[in-house]
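Asks: The structure follows.
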Amino acid sequence: MRMSELFAPTLREVPAEAEIASHKLLLRAGYMRKLAGGIYTYLPLAIRVLQKIEAIIREEMDRAGAQELLMPIVQPRELWEKTGRWDVYGEEMFRLQDRHKREFCLGPTHEELITSIVAQEIRSYRQLPVALYQIQNKYRDEIRPRFGLMRAREFIMKDAYSFHRNEESLDEYYRRMYEAYARVFARVGLSARPVEADSGAIGGNISHEFMALAPSGEAEIAYCTNCDYAANVERAEALPPPAGGGSEAQPLEAVDTPDKHTVEEVAAFLGVEPQQLIKTMLYLADGEPIAVLVRGDHEVNEVKVANLLGATNLTLADPDTIRRITGAPVGFAGPIGLKEEIPFYADHAVMAVERGVVGGNKKDTHLINLDPKRDLEPLGVKAADLRLVVEGDSCPRCREGKLQLARGIEVGQVFKLGTKYSEAIGAVYLDEEGKTQTMVMGCYGIGVSRTMAAAIEQNHDEFGICWPVAIAPYQVLIVPINWQDEESRAACEKLYAELEARGIEVLLDDRNERAGVKFKDADLIGIPLRVTIGPKTLAQNAVEIKVRKGGKMELVGIDEAAGWLENWLREAQT
Ligand code: ATP
Ligand code: MG
């Protein structure tokens, strides 16, 4: 491809809303353009990258025994009502009506649809297991679309679904997919690590996410420095602290804490440690008020709370509800003396606090000397693991190492779904004895467009993108110093033809631009190998090759150049 013909409009300025490298560079280097919030056009360079990622995914899915199909994006409401997700999906679902006022959605995911197909077509244990996948656009009306392709409203996903006779068969297939995922991300050139994950609204119980580690990642993961435990913080378990020293309980007492609001302010004022404070958070769980207690230096893990309650919707209570329940302004809630009886949950660490301090349900008032056993247990408090882990917590797996935190981009997730969808939709089969059994399911997603963005997050510098070879839009870029120079032009054309003949994807910068401009664009677009040809190199009968990542330069004889490039590319991919 000749640069003079390539449709890759580069930009000098990027919109201020582009905060992270991949978002900025995809716009600047002419890979994409925005249509509306979270909705983008992929330009020709991006399509080449996406197609390479997709080709790797297809190879690994096929190798894992999954078969490709393509389901509709537009899906009828009735199907989603069978599983209750028409309501559960809430505002994230794009909905539409046809001319007969029938309701549809744009598929955010395809469990319902694939399960109904399999339910109709598969009858016997002999047809199981079966695994099917597709690669297509997904639609989610994200509350905060941002970071370009990272959190888009229209994005490309590979979604796979597997159907099994029993858990054993699912377990085996899940492992296979897990391994296929590890291979996909390694081949794409990402450093991605699997972590234990919460299965969220999709259901099921066992799930792993593949996280591309990057400071810009929206997800936080906790990992052990001693063993291989790693989990999304939504999921990471906190061990209960060792039981307290049993210091003698003092009587509960109300004290004035004028104008002291934060944990630190109250602790300093009372001369206690922040760990002695207990925060009382009021939530609405599917509309019902509940209280969650965590230690002053901890934060509530809302995913754990929602899972414990089986709630689909957990939100912090609004100020009116807080005033009604506590009888006090916001900021003074405590477990003792509430105006309404509501369910109470306490994180394990709260139950080990000695001489605790809680809100007094009265402006500028706290209660001191709280003894959780004496004062909370009679209220019917339920203790559970309800907090976010913090750096330095003991590892819940090996119990010896300490947890560290890191940020990651969720590029893929695998789930054991169990029978949630097959039961709701009636995906059953006849076993050897002719008895009707419910199929057991797994599902497996990869964010294809997000993977492209994640690859940039992990592979860029101040000048632009440094594509991993396997997914670069072109492998080699030939840059003549002066396109008007006859001899240079002839040498470029010759190398260009030679590389094409070898099946190497090559770009030739045949524009009448200054060399500096072409070099800048070369760095920005991120082709792994740049070959510079000019009167100086030709005087030595050579070309200059620059490896984009790391910037290494080498002078190579003009007749050896094609072979050199081909070898380098082959080696880079093994
Ligand atoms: P997230 O937690 O980031 O919202 P999710 O867990 O809802 O993602 P899944 O339902 O597991 O996403 O979808 C499978 C994959 O699709 C994800 O692992 C991710 O790579 C990708 N993906 C999900 N939402 C988006 C989005 N809004 N934009 C781009 N890719 C996305
Ligand atoms: Mg996910």
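Chains: A, B, ... in order of the structure tokens. Residues: from 1 per chain. Ligands: from 1, in order shown.
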At a cut-off of 12 Å around ligand 2, and using only C-alpha atoms and all ligand atoms, what residues come up? Please write them as JSON, numbers by chain.
Replies: {"A": [108, 109, 151, 157, 159, 195, 196, 197, 198, 199, 200, 201, 202, 203, 207, 208, 209, 210, 211, 218, 219, 232, 234, 409, 410, 411, 412, 413, 414, 415, 443, 444, 445, 446, 447, 450]}
Asks: Let me see the file: selected residues, N, CA and C atoms, as a compact mmCIF listing (two decimals), in the first residue's frame.
Replies:
# COMPACT_ATOMS: atom_id res chain seq x y z
N PRO A 108 -26.74 -6.88 23.96
CA PRO A 108 -25.56 -6.55 24.76
C PRO A 108 -24.70 -7.80 24.97
N THR A 109 -25.28 -8.96 24.74
CA THR A 109 -24.67 -10.27 24.94
C THR A 109 -25.71 -11.26 24.40
N ARG A 151 -14.26 1.65 26.80
CA ARG A 151 -15.63 1.53 27.29
C ARG A 151 -16.51 2.26 26.30
N MET A 157 -17.15 -7.78 20.02
CA MET A 157 -16.91 -8.84 21.00
C MET A 157 -16.88 -10.19 20.30
N ASP A 159 -17.98 -13.73 21.39
CA ASP A 159 -18.67 -14.43 22.47
C ASP A 159 -18.88 -15.88 22.09
N VAL A 195 -7.41 -13.64 36.43
CA VAL A 195 -7.71 -13.38 37.84
C VAL A 195 -9.10 -13.94 38.15
N GLU A 196 -9.31 -14.32 39.38
CA GLU A 196 -10.64 -14.75 39.79
C GLU A 196 -11.57 -13.55 39.71
N ALA A 197 -12.80 -13.82 39.27
CA ALA A 197 -13.70 -12.69 39.03
C ALA A 197 -15.07 -12.96 39.61
N ASP A 198 -15.78 -11.88 39.85
CA ASP A 198 -17.17 -11.98 40.23
C ASP A 198 -17.95 -12.25 38.95
N SER A 199 -19.02 -13.03 39.03
CA SER A 199 -19.71 -13.32 37.78
C SER A 199 -20.80 -12.31 37.47
N GLY A 200 -21.07 -11.38 38.40
CA GLY A 200 -21.96 -10.26 38.10
C GLY A 200 -23.34 -10.69 37.66
N ALA A 201 -23.99 -9.83 36.87
CA ALA A 201 -25.38 -10.04 36.50
C ALA A 201 -25.55 -11.24 35.59
N ILE A 202 -24.45 -11.71 35.01
CA ILE A 202 -24.58 -12.76 34.03
C ILE A 202 -24.91 -14.10 34.68
N GLY A 203 -24.59 -14.23 35.97
CA GLY A 203 -24.98 -15.44 36.69
C GLY A 203 -23.84 -16.44 36.79
N SER A 207 -15.73 -17.87 37.67
CA SER A 207 -15.40 -17.00 36.55
C SER A 207 -13.98 -16.47 36.68
N HIS A 208 -13.33 -16.29 35.55
CA HIS A 208 -12.02 -15.65 35.51
C HIS A 208 -12.04 -14.53 34.48
N GLU A 209 -11.35 -13.47 34.83
CA GLU A 209 -11.14 -12.40 33.87
C GLU A 209 -9.68 -12.43 33.44
N PHE A 210 -9.45 -12.04 32.19
CA PHE A 210 -8.07 -11.87 31.72
C PHE A 210 -7.80 -10.38 31.71
N MET A 211 -6.81 -9.99 32.49
CA MET A 211 -6.51 -8.58 32.70
C MET A 211 -5.20 -8.23 32.02
N GLU A 218 -9.26 0.22 34.12
CA GLU A 218 -10.37 0.63 34.99
C GLU A 218 -10.58 -0.37 36.12
N ALA A 219 -10.06 -1.57 35.97
CA ALA A 219 -10.26 -2.60 36.99
C ALA A 219 -9.06 -2.61 37.93
N ASN A 232 -9.90 -10.04 40.91
CA ASN A 232 -10.45 -8.70 40.80
C ASN A 232 -10.79 -8.24 42.22
N GLU A 234 -13.19 -6.69 43.23
CA GLU A 234 -14.62 -6.94 43.47
C GLU A 234 -14.82 -8.29 44.15
N ILE A 409 -6.83 -3.94 32.53
CA ILE A 409 -7.90 -3.77 31.55
C ILE A 409 -8.50 -5.15 31.32
N GLU A 410 -9.81 -5.28 31.57
CA GLU A 410 -10.44 -6.59 31.37
C GLU A 410 -10.61 -6.83 29.88
N VAL A 411 -9.77 -7.70 29.31
CA VAL A 411 -9.88 -7.97 27.87
C VAL A 411 -10.73 -9.20 27.58
N GLY A 412 -10.91 -10.06 28.59
CA GLY A 412 -11.74 -11.24 28.35
C GLY A 412 -12.26 -11.78 29.66
N GLN A 413 -13.32 -12.57 29.57
CA GLN A 413 -13.85 -13.19 30.79
C GLN A 413 -14.48 -14.53 30.42
N VAL A 414 -14.26 -15.51 31.26
CA VAL A 414 -14.87 -16.83 31.06
C VAL A 414 -15.73 -17.15 32.28
N PHE A 415 -16.89 -17.77 32.05
CA PHE A 415 -17.82 -18.06 33.15
C PHE A 415 -18.30 -19.51 33.09
N CYS A 443 -19.90 -19.67 29.29
CA CYS A 443 -19.81 -18.62 28.27
C CYS A 443 -18.49 -17.88 28.41
N TYR A 444 -18.04 -17.32 27.28
CA TYR A 444 -16.64 -16.89 27.17
C TYR A 444 -16.57 -15.68 26.25
N GLY A 445 -16.19 -14.53 26.77
CA GLY A 445 -16.16 -13.30 25.95
C GLY A 445 -14.76 -12.72 25.81
N ILE A 446 -14.52 -12.13 24.66
CA ILE A 446 -13.29 -11.33 24.49
C ILE A 446 -13.70 -9.99 23.88
N GLY A 447 -13.21 -8.91 24.46
CA GLY A 447 -13.46 -7.60 23.89
C GLY A 447 -12.43 -7.38 22.78
N ARG A 450 -11.60 -3.65 22.44
CA ARG A 450 -10.88 -3.26 23.66
C ARG A 450 -9.47 -3.85 23.66
Asks: Find the spatial neighbours of Arg570 of chain A, counting only C-alpha atoms, within a cut-off of 12 Å - ignore same-chain residues fewer than 4 positions away - and output them as a list in words.
Replies: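 Answer for this query is Val469, Ala470, Gln475, Arg502, Gly503, Ile504, Gly563, Trp564, Leu565, Glu566 and Thr574 of chain A.
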Asks: Name the residues of segment 386-416 of chain A that come out as strand (DSSP E) in a backbone DSSP run; write them as a VMD selection string.
Replies: chain A and resid 403 to 416
Asks: Mind pulling up the distance from atom CA of Ser169 of chain A to atom 24 (N, counted along the ligand's line) of ligand 1?
Replies: 28.1 Å
Asks: So what do you get for atom CA of Ala501 of chain A versus atom CA of Ile481 of chain A, distance-wise?
Replies: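 These atoms are spaced 23.6 Å apart.
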Asks: Within 10 Å of segment 416-428 of chain A, counting only C-alpha atoms, which residues qualify if same-chain residues fewer than 2 places away don't, as a PyMOL selection string?
Replies: chain A and resi 79-84+111-125+161-167+170-171+173-174+199+202-208+414+430-431+435-444
Asks: Residues within 12 Å of Glu59 of chain A, please, as a PyMOL selection string. Count only C-alpha atoms; anything in the same chain fewer than 3 positions from it doesn't count.
Replies: chain A and resi 52-56+62-68+133+180-181+183-184+187
Asks: Can you tell me, as a list in words, what residues are no more than 9 Å from Met32 of chain A when counting only C-alpha atoms, ignoring any on the same chain fewer than 2 positions away?
Replies: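 Everything that qualifies: Ala8, Leu26, Leu27, Arg28, Ala29, Gly30, Lys34, Tyr40, Thr41, Tyr42, Leu43, Pro44, Leu45 and Ala46 of chain A.
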Asks: May I have the residues from that selection written out with N, CA and C atoms, as a short mmCIF file (atom, residue, chain, number, x, y, z; two decimals), in the first residue's frame?
Replies:
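What follows is the written file selection-v7.cif:
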data_model
loop_
_atom_site.label_atom_id
_atom_site.label_comp_id
_atom_site.auth_asym_id
_atom_site.auth_seq_id
_atom_site.Cartn_x
_atom_site.Cartn_y
_atom_site.Cartn_z
N ALA A 8 -5.74 7.37 6.00
CA ALA A 8 -5.37 7.38 7.42
C ALA A 8 -5.09 8.81 7.83
N LEU A 26 -5.21 6.46 18.75
CA LEU A 26 -6.11 5.94 17.70
C LEU A 26 -6.70 7.10 16.89
N LEU A 27 -6.98 8.20 17.58
CA LEU A 27 -7.48 9.38 16.86
C LEU A 27 -6.35 10.06 16.07
N ARG A 28 -5.25 10.32 16.77
CA ARG A 28 -4.15 11.08 16.14
C ARG A 28 -3.55 10.35 14.95
N ALA A 29 -3.38 9.04 15.09
CA ALA A 29 -2.70 8.29 14.03
C ALA A 29 -3.66 7.87 12.91
N GLY A 30 -4.91 8.34 12.99
CA GLY A 30 -5.83 8.08 11.89
C GLY A 30 -6.40 6.67 11.84
N LYS A 34 -14.71 9.54 15.90
CA LYS A 34 -15.89 9.43 16.77
C LYS A 34 -17.14 9.87 16.02
N TYR A 40 -17.80 4.72 17.40
CA TYR A 40 -16.67 5.09 16.54
C TYR A 40 -16.71 4.39 15.19
N THR A 41 -16.12 5.08 14.19
CA THR A 41 -15.83 4.45 12.91
C THR A 41 -14.40 3.92 12.97
N TYR A 42 -14.21 2.69 12.56
CA TYR A 42 -12.85 2.15 12.46
C TYR A 42 -12.36 2.44 11.06
N LEU A 43 -11.25 3.15 10.94
CA LEU A 43 -10.68 3.47 9.63
C LEU A 43 -9.81 2.30 9.16
N PRO A 44 -9.33 2.37 7.90
CA PRO A 44 -8.66 1.19 7.33
C PRO A 44 -7.51 0.60 8.16
N LEU A 45 -6.69 1.43 8.78
CA LEU A 45 -5.58 0.85 9.57
C LEU A 45 -6.13 0.03 10.73
N ALA A 46 -7.18 0.55 11.37
CA ALA A 46 -7.76 -0.16 12.53
C ALA A 46 -8.38 -1.48 12.08
#
Asks: Between atom CA of Tyr474 of chain A and atom CA of Glu17 of chain A, measure the distance and give it in Å to one decimal.
Replies: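 If I compute the distance from atom CA of Tyr474 of chain A to atom CA of Glu17 of chain A, I get 28.6 Å.
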Asks: Nearest to Ala406 of chain A: which of A:Asp521, A:Glu500, A:Glu391, A:Glu253 is it, counting only C-alpha atoms?
Replies: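 Smallest distance to Ala406 of chain A is found for A:Glu391.
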Asks: Using only C-alpha atoms, pick whichever of A:Val303, A:Leu277, A:Ala222, A:Ala214 has the shortest atom-to-atom distance to Gly356 of chain A.
Replies: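 Nearest candidate to Gly356 of chain A out of A:Val303, A:Leu277, A:Ala222, A:Ala214: A:Leu277.
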Asks: Could you tell me which of A:Pro378, A:Gly327, A:Gly148, A:Gly401 comes closest to ligand 1 if we count only C-alpha atoms and all ligand atoms?
Replies: A:Gly148
Asks: Considering only C-alpha atoms, return as a list of chain:residue names whatever protein or nucleic-acid residues lie within 10 Å of Ile368 of chain A, sequence-local ones (same chain, fewer than 4 positions apart) excluded.
Replies: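 The contact residues come out as A:Gln250, A:Pro251, A:Leu252, A:Glu253, A:Ala254, A:Val255, A:Leu270, A:Val272, A:Gln276, A:Leu277, A:Arg355, A:Gly356, A:Val357, A:Val358, A:Gly359, A:Gly360.
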Asks: Keeping only N, CA, C and O atoms, write the selected residues to a file as a PDB file, in the first residue's frame.
Replies:
ATOM      1  N   GLN A 250     -15.959  -1.325  78.375  1.00  0.00           N
ATOM      2  CA  GLN A 250     -16.354  -0.123  79.115  1.00  0.00           C
ATOM      3  C   GLN A 250     -17.800   0.192  78.749  1.00  0.00           C
ATOM      4  O   GLN A 250     -18.259  -0.202  77.676  1.00  0.00           O
ATOM      5  N   PRO A 251     -18.498   0.943  79.581  1.00  0.00           N
ATOM      6  CA  PRO A 251     -19.880   1.270  79.218  1.00  0.00           C
ATOM      7  C   PRO A 251     -19.950   2.164  77.988  1.00  0.00           C
ATOM      8  O   PRO A 251     -19.100   3.032  77.791  1.00  0.00           O
ATOM      9  N   LEU A 252     -20.963   1.898  77.172  1.00  0.00           N
ATOM     10  CA  LEU A 252     -21.218   2.700  75.975  1.00  0.00           C
ATOM     11  C   LEU A 252     -21.557   4.126  76.414  1.00  0.00           C
ATOM     12  O   LEU A 252     -22.292   4.324  77.369  1.00  0.00           O
ATOM     13  N   GLU A 253     -21.013   5.101  75.687  1.00  0.00           N
ATOM     14  CA  GLU A 253     -21.201   6.485  76.144  1.00  0.00           C
ATOM     15  C   GLU A 253     -21.333   7.411  74.937  1.00  0.00           C
ATOM     16  O   GLU A 253     -20.609   7.245  73.960  1.00  0.00           O
ATOM     17  N   ALA A 254     -22.251   8.352  75.010  1.00  0.00           N
ATOM     18  CA  ALA A 254     -22.403   9.333  73.925  1.00  0.00           C
ATOM     19  C   ALA A 254     -21.473  10.507  74.187  1.00  0.00           C
ATOM     20  O   ALA A 254     -21.394  10.999  75.316  1.00  0.00           O
ATOM     21  N   VAL A 255     -20.748  10.929  73.159  1.00  0.00           N
ATOM     22  CA  VAL A 255     -19.859  12.085  73.321  1.00  0.00           C
ATOM     23  C   VAL A 255     -20.103  13.089  72.203  1.00  0.00           C
ATOM     24  O   VAL A 255     -20.525  12.718  71.101  1.00  0.00           O
ATOM     25  N   LEU A 270     -11.074  12.265  69.285  1.00  0.00           N
ATOM     26  CA  LEU A 270     -11.341  11.382  70.425  1.00  0.00           C
ATOM     27  C   LEU A 270     -10.079  10.710  70.943  1.00  0.00           C
ATOM     28  O   LEU A 270     -10.115   9.981  71.928  1.00  0.00           O
ATOM     29  N   VAL A 272      -8.407   8.286  69.413  1.00  0.00           N
ATOM     30  CA  VAL A 272      -8.432   6.834  69.150  1.00  0.00           C
ATOM     31  C   VAL A 272      -7.837   6.579  67.764  1.00  0.00           C
ATOM     32  O   VAL A 272      -7.586   7.519  67.001  1.00  0.00           O
ATOM     33  N   GLN A 276     -10.507   1.994  65.137  1.00  0.00           N
ATOM     34  CA  GLN A 276     -11.540   1.815  66.170  1.00  0.00           C
ATOM     35  C   GLN A 276     -12.881   2.383  65.727  1.00  0.00           C
ATOM     36  O   GLN A 276     -13.910   2.086  66.317  1.00  0.00           O
ATOM     37  N   LEU A 277     -12.850   3.215  64.696  1.00  0.00           N
ATOM     38  CA  LEU A 277     -14.116   3.762  64.199  1.00  0.00           C
ATOM     39  C   LEU A 277     -14.834   2.719  63.343  1.00  0.00           C
ATOM     40  O   LEU A 277     -14.202   1.934  62.654  1.00  0.00           O
ATOM     41  N   ARG A 355     -13.382  -1.379  71.873  1.00  0.00           N
ATOM     42  CA  ARG A 355     -13.714  -0.001  72.242  1.00  0.00           C
ATOM     43  C   ARG A 355     -13.993   0.831  70.990  1.00  0.00           C
ATOM     44  O   ARG A 355     -13.360   1.838  70.720  1.00  0.00           O
ATOM     45  N   GLY A 356     -14.980   0.346  70.261  1.00  0.00           N
ATOM     46  CA  GLY A 356     -15.306   0.962  68.984  1.00  0.00           C
ATOM     47  C   GLY A 356     -16.036   2.291  69.124  1.00  0.00           C
ATOM     48  O   GLY A 356     -16.610   2.604  70.168  1.00  0.00           O
ATOM     49  N   VAL A 357     -15.978   3.071  68.032  1.00  0.00           N
ATOM     50  CA  VAL A 357     -16.682   4.356  67.977  1.00  0.00           C
ATOM     51  C   VAL A 357     -17.657   4.292  66.810  1.00  0.00           C
ATOM     52  O   VAL A 357     -17.259   3.944  65.695  1.00  0.00           O
ATOM     53  N   VAL A 358     -18.928   4.614  67.080  1.00  0.00           N
ATOM     54  CA  VAL A 358     -19.926   4.606  65.998  1.00  0.00           C
ATOM     55  C   VAL A 358     -20.700   5.923  66.018  1.00  0.00           C
ATOM     56  O   VAL A 358     -20.692   6.644  67.028  1.00  0.00           O
ATOM     57  N   GLY A 359     -21.368   6.201  64.904  1.00  0.00           N
ATOM     58  CA  GLY A 359     -22.211   7.388  64.838  1.00  0.00           C
ATOM     59  C   GLY A 359     -23.338   7.289  65.859  1.00  0.00           C
ATOM     60  O   GLY A 359     -23.805   6.198  66.185  1.00  0.00           O
ATOM     61  N   GLY A 360     -23.790   8.461  66.375  1.00  0.00           N
ATOM     62  CA  GLY A 360     -24.784   8.461  67.442  1.00  0.00           C
ATOM     63  C   GLY A 360     -26.208   8.694  66.962  1.00  0.00           C
ATOM     64  O   GLY A 360     -27.116   8.867  67.781  1.00  0.00           O
TER      65      GLY A 360
END
